[in-house]
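Since the structure comes first, as structure tokens, the remarks are kept for the end.
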Amino acid sequence: MRLLKEPLFHFFLIGAAIFIWFHIVAPENETTENLVTISIDKDDVALLVTQFEARWKRQPNEAELQALIDASIREEVLVREARKLGLDRGDSVIRSRLSQKMDFLTEAIAASVTPEDEDLEAYLQKNRERYATSKKVAFNQIFLGEAPGDAAIANALSAVREEQELPEFGRSTLLPASMPLTATRVVDSVFGAGFSNGLTELEPGQWGGPIQSGYGVHLVQVVAIESAQIPPLSEIRKAVLQDWRRTMSADLAQAQYEALADAYEIVVPDIAGPTK
């Protein structure tokens, strides 16, 4: 059955087993009271505002304040659930550490799930730009100097097109006269940002220009262009798996928080008015 192969199904099975185990091993006298109300009052909001001001030297706007309140509620939900599981036993770190432990559990669960290749392939296709190789270009170039006149450029271009070979009149430079198939970002690192953009617009095999680099003006003969490509999954499986698990972990952490938060009645003040 397809359901048995779903990563999320595996997550919920493993997650349920882990949470049940923690409930079993946690002594009753160390679990917290079963409170179902989380109340954020105006004093709590004022404290959040004060902490924000101390860090950013200004008051938060409404959206920022709402984000602070949401983060505080999230921490309280995860802290309470962590204490129910006994995760605070013998731990002297601050409350945020307990919240982090709940997130660490989710990350561990996500890391334990092994997706099917079709799941990774779907993730790869959804994030093609992330894994695409750079466009590559091979070319010859003649450096004409920092600022040659229009007539000099026209004469040089005419001469090189007739001879179809590297002429003697190019200016001496330490820049390579030729480059094999090279990623455009590497070309730009040698000749200056944006140089490769001009190359990809030239007709392969023909001398063209002028092309401006960070050093001056060039005539260029593009030898070959290789478009950006998406490597097959078999070649980048490790990287795709790592990214898939990172994304899955974030999605599952949010889903877990929302499921836990549903068990609480959350009360917050109206923040539309003054906060102090």
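Labels for the structure tokens follow display order: chains A, B, ..., residues from 1 in each chain, ligands from 1.
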
- Message: What's around stretch 66-71 of chain A at 9 Å? Count only C-alpha atoms, leave out sequence neighbours fewer than 3 positions away in its own chain, and write the answer as a PyMOL selection string.
- Response: chain A and resi 40+44-45+48-49+52+61-63+74-76+268+271

Nearby residues (only C-alpha atoms) at most 10 Å from stretch 233-241 of chain A, same-chain spacing under 6 positions excluded, as a short mmCIF file (atom, residue, chain, number, x, y, z; two decimals) with C-alpha atoms, in the first residue's frame:
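Contents of the output file part20.cif:
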data_model
loop_
_atom_site.label_atom_id
_atom_site.label_comp_id
_atom_site.auth_asym_id
_atom_site.auth_seq_id
_atom_site.Cartn_x
_atom_site.Cartn_y
_atom_site.Cartn_z
CA ALA A 111 16.33 12.10 10.25
CA THR A 114 14.19 7.13 4.70
CA PRO A 115 12.29 8.51 1.72
CA ASP A 117 13.70 7.78 -4.53
CA GLU A 118 10.48 9.06 -6.11
CA ASP A 119 10.02 11.40 -3.13
CA LEU A 120 13.56 12.72 -3.54
CA GLU A 121 13.08 13.07 -7.29
CA TYR A 123 11.83 17.31 -4.23
CA LEU A 124 14.66 17.73 -6.75
CA GLN A 125 12.29 18.79 -9.51
CA ASN A 127 13.83 22.86 -6.29
CA ARG A 130 19.01 24.98 -6.20
CA TYR A 131 20.77 22.05 -7.86
CA THR A 247 12.75 20.73 5.00
#

- Message: Between A:Gln59, A:Ala156, A:Ala183, A:Leu105, which residue has the minimum interatomic distance to A:Ala228, considering only C-alpha atoms?
- Response: A:Ala183

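Considering the residues A:Leu65, A:Leu47, A:Leu85, A:Met102 and counting only C-alpha atoms, A:Leu252 has its shortest atom-to-atom contact with A:Met102.
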
- Leaving out stretch 188-199 of chain A and any residue of its chain fewer than 4 positions from it, which residues lie within 7 Å of it when counting only C-alpha atoms, given as a VMD selection string? chain A and resid 184 211 to 214 222

Just write the chosen residues, all heavy atoms, as a PDB file, in the first residue's frame.
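Done, and the output landed in selection01.pdb:
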ATOM      1  N   THR A 184      30.224  30.137 -15.740  1.00  0.00           N
ATOM      2  CA  THR A 184      30.160  31.584 -15.937  1.00  0.00           C
ATOM      3  C   THR A 184      30.557  32.349 -14.677  1.00  0.00           C
ATOM      4  O   THR A 184      31.141  33.434 -14.766  1.00  0.00           O
ATOM      5  CB  THR A 184      28.753  32.004 -16.371  1.00  0.00           C
ATOM      6  OG1 THR A 184      27.782  31.477 -15.438  1.00  0.00           O
ATOM      7  CG2 THR A 184      28.439  31.473 -17.759  1.00  0.00           C
ATOM      8  N   ILE A 211      33.298  43.608 -25.809  1.00  0.00           N
ATOM      9  CA  ILE A 211      32.780  43.141 -24.529  1.00  0.00           C
ATOM     10  C   ILE A 211      33.576  43.827 -23.419  1.00  0.00           C
ATOM     11  O   ILE A 211      34.810  43.759 -23.410  1.00  0.00           O
ATOM     12  CB  ILE A 211      32.888  41.611 -24.391  1.00  0.00           C
ATOM     13  CG1 ILE A 211      32.166  40.921 -25.558  1.00  0.00           C
ATOM     14  CG2 ILE A 211      32.318  41.156 -23.049  1.00  0.00           C
ATOM     15  CD1 ILE A 211      30.678  41.155 -25.594  1.00  0.00           C
ATOM     16  N   GLN A 212      32.870  44.463 -22.504  1.00  0.00           N
ATOM     17  CA  GLN A 212      33.525  45.182 -21.420  1.00  0.00           C
ATOM     18  C   GLN A 212      33.800  44.246 -20.242  1.00  0.00           C
ATOM     19  O   GLN A 212      32.922  43.491 -19.820  1.00  0.00           O
ATOM     20  CB  GLN A 212      32.637  46.334 -20.947  1.00  0.00           C
ATOM     21  CG  GLN A 212      33.251  47.205 -19.864  1.00  0.00           C
ATOM     22  CD  GLN A 212      34.367  48.094 -20.382  1.00  0.00           C
ATOM     23  OE1 GLN A 212      34.248  48.676 -21.464  1.00  0.00           O
ATOM     24  NE2 GLN A 212      35.452  48.211 -19.624  1.00  0.00           N
ATOM     25  N   SER A 213      35.030  44.303 -19.754  1.00  0.00           N
ATOM     26  CA  SER A 213      35.387  43.547 -18.550  1.00  0.00           C
ATOM     27  C   SER A 213      35.757  44.532 -17.451  1.00  0.00           C
ATOM     28  O   SER A 213      35.655  45.751 -17.632  1.00  0.00           O
ATOM     29  CB  SER A 213      36.566  42.607 -18.825  1.00  0.00           C
ATOM     30  OG  SER A 213      37.787  43.345 -18.874  1.00  0.00           O
ATOM     31  N   GLY A 214      36.232  44.002 -16.349  1.00  0.00           N
ATOM     32  CA  GLY A 214      36.686  44.875 -15.281  1.00  0.00           C
ATOM     33  C   GLY A 214      38.017  45.525 -15.595  1.00  0.00           C
ATOM     34  O   GLY A 214      38.490  46.382 -14.830  1.00  0.00           O
ATOM     35  N   VAL A 222      33.472  33.051 -29.066  1.00  0.00           N
ATOM     36  CA  VAL A 222      32.910  31.981 -28.251  1.00  0.00           C
ATOM     37  C   VAL A 222      33.099  30.659 -28.992  1.00  0.00           C
ATOM     38  O   VAL A 222      32.713  30.526 -30.155  1.00  0.00           O
ATOM     39  CB  VAL A 222      31.414  32.222 -27.963  1.00  0.00           C
ATOM     40  CG1 VAL A 222      30.800  31.007 -27.268  1.00  0.00           C
ATOM     41  CG2 VAL A 222      31.240  33.470 -27.105  1.00  0.00           C
TER      42      VAL A 222
END

- Point-to-point distance in Å for atom CA of A:Ala132 and atom CA of A:Ile230: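 These atoms are spaced 4.6 Å apart.
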
- Item | DSSP-assigned strand (DSSP E) among stretch 9-255 of chain A, expressed as an MDAnalysis selection string | chainID A and resid 37:39 136:145 178:183 207:212 217:226

Let me see the file: selected residues, N, CA, C and O atoms, as a short mmCIF file (atom, residue, chain, number, x, y, z; two decimals), in the first residue's frame.
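The new file out_21.cif reads:
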data_model
loop_
_atom_site.label_atom_id
_atom_site.label_comp_id
_atom_site.auth_asym_id
_atom_site.auth_seq_id
_atom_site.Cartn_x
_atom_site.Cartn_y
_atom_site.Cartn_z
N THR A 37 -4.85 26.04 29.87
CA THR A 37 -4.97 27.46 29.52
C THR A 37 -3.60 28.12 29.52
O THR A 37 -2.84 27.99 30.47
N ILE A 38 -3.31 28.80 28.45
CA ILE A 38 -2.10 29.60 28.36
C ILE A 38 -2.54 31.05 28.24
O ILE A 38 -3.22 31.43 27.28
N SER A 39 -2.19 31.86 29.22
CA SER A 39 -2.65 33.24 29.25
C SER A 39 -1.47 34.19 29.13
O SER A 39 -0.52 34.14 29.91
N LYS A 136 28.13 27.07 -18.74
CA LYS A 136 29.56 27.08 -19.02
C LYS A 136 29.82 27.66 -20.41
O LYS A 136 28.99 27.52 -21.31
N VAL A 137 30.98 28.27 -20.56
CA VAL A 137 31.34 28.85 -21.85
C VAL A 137 32.84 28.68 -22.07
O VAL A 137 33.64 28.78 -21.14
N ALA A 138 33.21 28.37 -23.31
CA ALA A 138 34.62 28.31 -23.72
C ALA A 138 34.83 29.41 -24.76
O ALA A 138 33.99 29.61 -25.64
N PHE A 139 35.96 30.12 -24.68
CA PHE A 139 36.14 31.26 -25.58
C PHE A 139 37.61 31.64 -25.71
O PHE A 139 38.45 31.24 -24.90
N ASN A 140 37.87 32.42 -26.77
CA ASN A 140 39.15 33.11 -26.96
C ASN A 140 38.87 34.60 -26.83
O ASN A 140 37.75 35.07 -27.12
N GLN A 141 39.87 35.35 -26.40
CA GLN A 141 39.66 36.79 -26.25
C GLN A 141 40.90 37.58 -26.61
O GLN A 141 42.02 37.09 -26.47
N ILE A 142 40.68 38.78 -27.10
CA ILE A 142 41.76 39.72 -27.40
C ILE A 142 41.50 40.98 -26.60
O ILE A 142 40.42 41.58 -26.70
N PHE A 143 42.46 41.40 -25.84
CA PHE A 143 42.33 42.60 -25.02
C PHE A 143 42.78 43.81 -25.83
O PHE A 143 43.90 43.87 -26.32
N LEU A 144 41.89 44.79 -25.95
CA LEU A 144 42.17 45.98 -26.76
C LEU A 144 42.59 47.19 -25.92
O LEU A 144 42.86 48.25 -26.49
N GLY A 145 42.62 47.05 -24.61
CA GLY A 145 43.00 48.17 -23.76
C GLY A 145 41.83 48.66 -22.94
O GLY A 145 40.70 48.20 -23.06
N SER A 178 42.66 32.28 -23.80
CA SER A 178 41.63 31.29 -24.07
C SER A 178 41.20 30.65 -22.75
O SER A 178 42.01 30.50 -21.83
N MET A 179 39.94 30.24 -22.70
CA MET A 179 39.45 29.50 -21.55
C MET A 179 38.63 28.32 -22.04
O MET A 179 37.78 28.48 -22.94
N PRO A 180 38.86 27.12 -21.51
CA PRO A 180 38.04 25.97 -21.88
C PRO A 180 36.65 26.12 -21.26
O PRO A 180 36.37 27.13 -20.61
N LEU A 181 35.79 25.14 -21.46
CA LEU A 181 34.45 25.22 -20.86
C LEU A 181 34.57 25.50 -19.37
O LEU A 181 35.11 24.69 -18.60
N THR A 182 34.08 26.66 -18.96
CA THR A 182 34.24 27.14 -17.60
C THR A 182 32.92 27.72 -17.13
O THR A 182 32.22 28.40 -17.89
N ALA A 183 32.57 27.47 -15.87
CA ALA A 183 31.34 28.03 -15.30
C ALA A 183 31.37 29.55 -15.41
O ALA A 183 32.40 30.19 -15.19
N TRP A 207 34.01 35.94 -34.21
CA TRP A 207 34.54 36.98 -33.35
C TRP A 207 33.51 38.09 -33.21
O TRP A 207 32.84 38.46 -34.17
N GLY A 208 33.37 38.59 -32.00
CA GLY A 208 32.39 39.64 -31.75
C GLY A 208 32.87 40.58 -30.66
O GLY A 208 33.89 40.36 -30.03
N GLY A 209 32.08 41.58 -30.42
CA GLY A 209 32.41 42.55 -29.39
C GLY A 209 32.04 43.94 -29.84
O GLY A 209 31.39 44.13 -30.88
N PRO A 210 32.44 44.92 -29.09
CA PRO A 210 33.32 44.81 -27.92
C PRO A 210 32.58 44.32 -26.68
O PRO A 210 31.39 44.60 -26.52
N ILE A 211 33.30 43.61 -25.81
CA ILE A 211 32.78 43.14 -24.53
C ILE A 211 33.58 43.83 -23.42
O ILE A 211 34.81 43.76 -23.41
N GLN A 212 32.87 44.46 -22.50
CA GLN A 212 33.53 45.18 -21.42
C GLN A 212 33.80 44.25 -20.24
O GLN A 212 32.92 43.49 -19.82
N VAL A 217 38.36 46.62 -22.64
CA VAL A 217 37.53 46.17 -23.75
C VAL A 217 38.16 44.96 -24.43
O VAL A 217 39.38 44.91 -24.62
N HIS A 218 37.31 44.01 -24.82
CA HIS A 218 37.80 42.76 -25.43
C HIS A 218 36.99 42.45 -26.69
O HIS A 218 35.80 42.77 -26.79
N LEU A 219 37.66 41.79 -27.63
CA LEU A 219 36.98 41.06 -28.69
C LEU A 219 36.97 39.60 -28.27
O LEU A 219 37.94 39.10 -27.70
N VAL A 220 35.87 38.92 -28.55
CA VAL A 220 35.71 37.56 -28.04
C VAL A 220 35.20 36.64 -29.13
O VAL A 220 34.33 37.00 -29.94
N GLN A 221 35.75 35.44 -29.15
CA GLN A 221 35.25 34.36 -30.01
C GLN A 221 34.77 33.23 -29.10
O GLN A 221 35.56 32.56 -28.44
N VAL A 222 33.47 33.05 -29.07
CA VAL A 222 32.91 31.98 -28.25
C VAL A 222 33.10 30.66 -28.99
O VAL A 222 32.71 30.53 -30.15
N VAL A 223 33.71 29.70 -28.33
CA VAL A 223 33.98 28.39 -28.92
C VAL A 223 32.83 27.43 -28.66
O VAL A 223 32.42 26.66 -29.54
N ALA A 224 32.31 27.44 -27.45
CA ALA A 224 31.21 26.53 -27.10
C ALA A 224 30.47 27.08 -25.88
O ALA A 224 31.04 27.78 -25.05
N ILE A 225 29.19 26.75 -25.80
CA ILE A 225 28.35 27.12 -24.65
C ILE A 225 27.61 25.88 -24.18
O ILE A 225 27.04 25.14 -24.99
N GLU A 226 27.65 25.63 -22.90
CA GLU A 226 26.93 24.50 -22.30
C GLU A 226 25.89 25.06 -21.34
O GLU A 226 26.22 25.75 -20.38
#

- Task: Quick one: pull the distance between atom CA of A:Glu64 and atom CA of A:Asp270, Å, one decimal.
- Result: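 Interatomic distance, atom CA of A:Glu64 to atom CA of A:Asp270: 14.3 Å.
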
- Item | Nearby residues (only C-alpha atoms) at most 8 Å from A:Ala110, same-chain spacing under 2 positions excluded, as a ChimeraX atom specification | /A:11,106-108,112-113,245,248-249,252

- Message: Please identify the helix (DSSP H, G or I) residues within stretch 13-246 of chain A (assignment by DSSP from backbone atoms) and present them as a VMD selection string.
- Response: chain A and resid 13 to 25 28 to 30 42 to 56 62 to 84 95 to 112 117 to 126 128 to 131 150 to 163 184 to 191 195 to 199 233 to 246
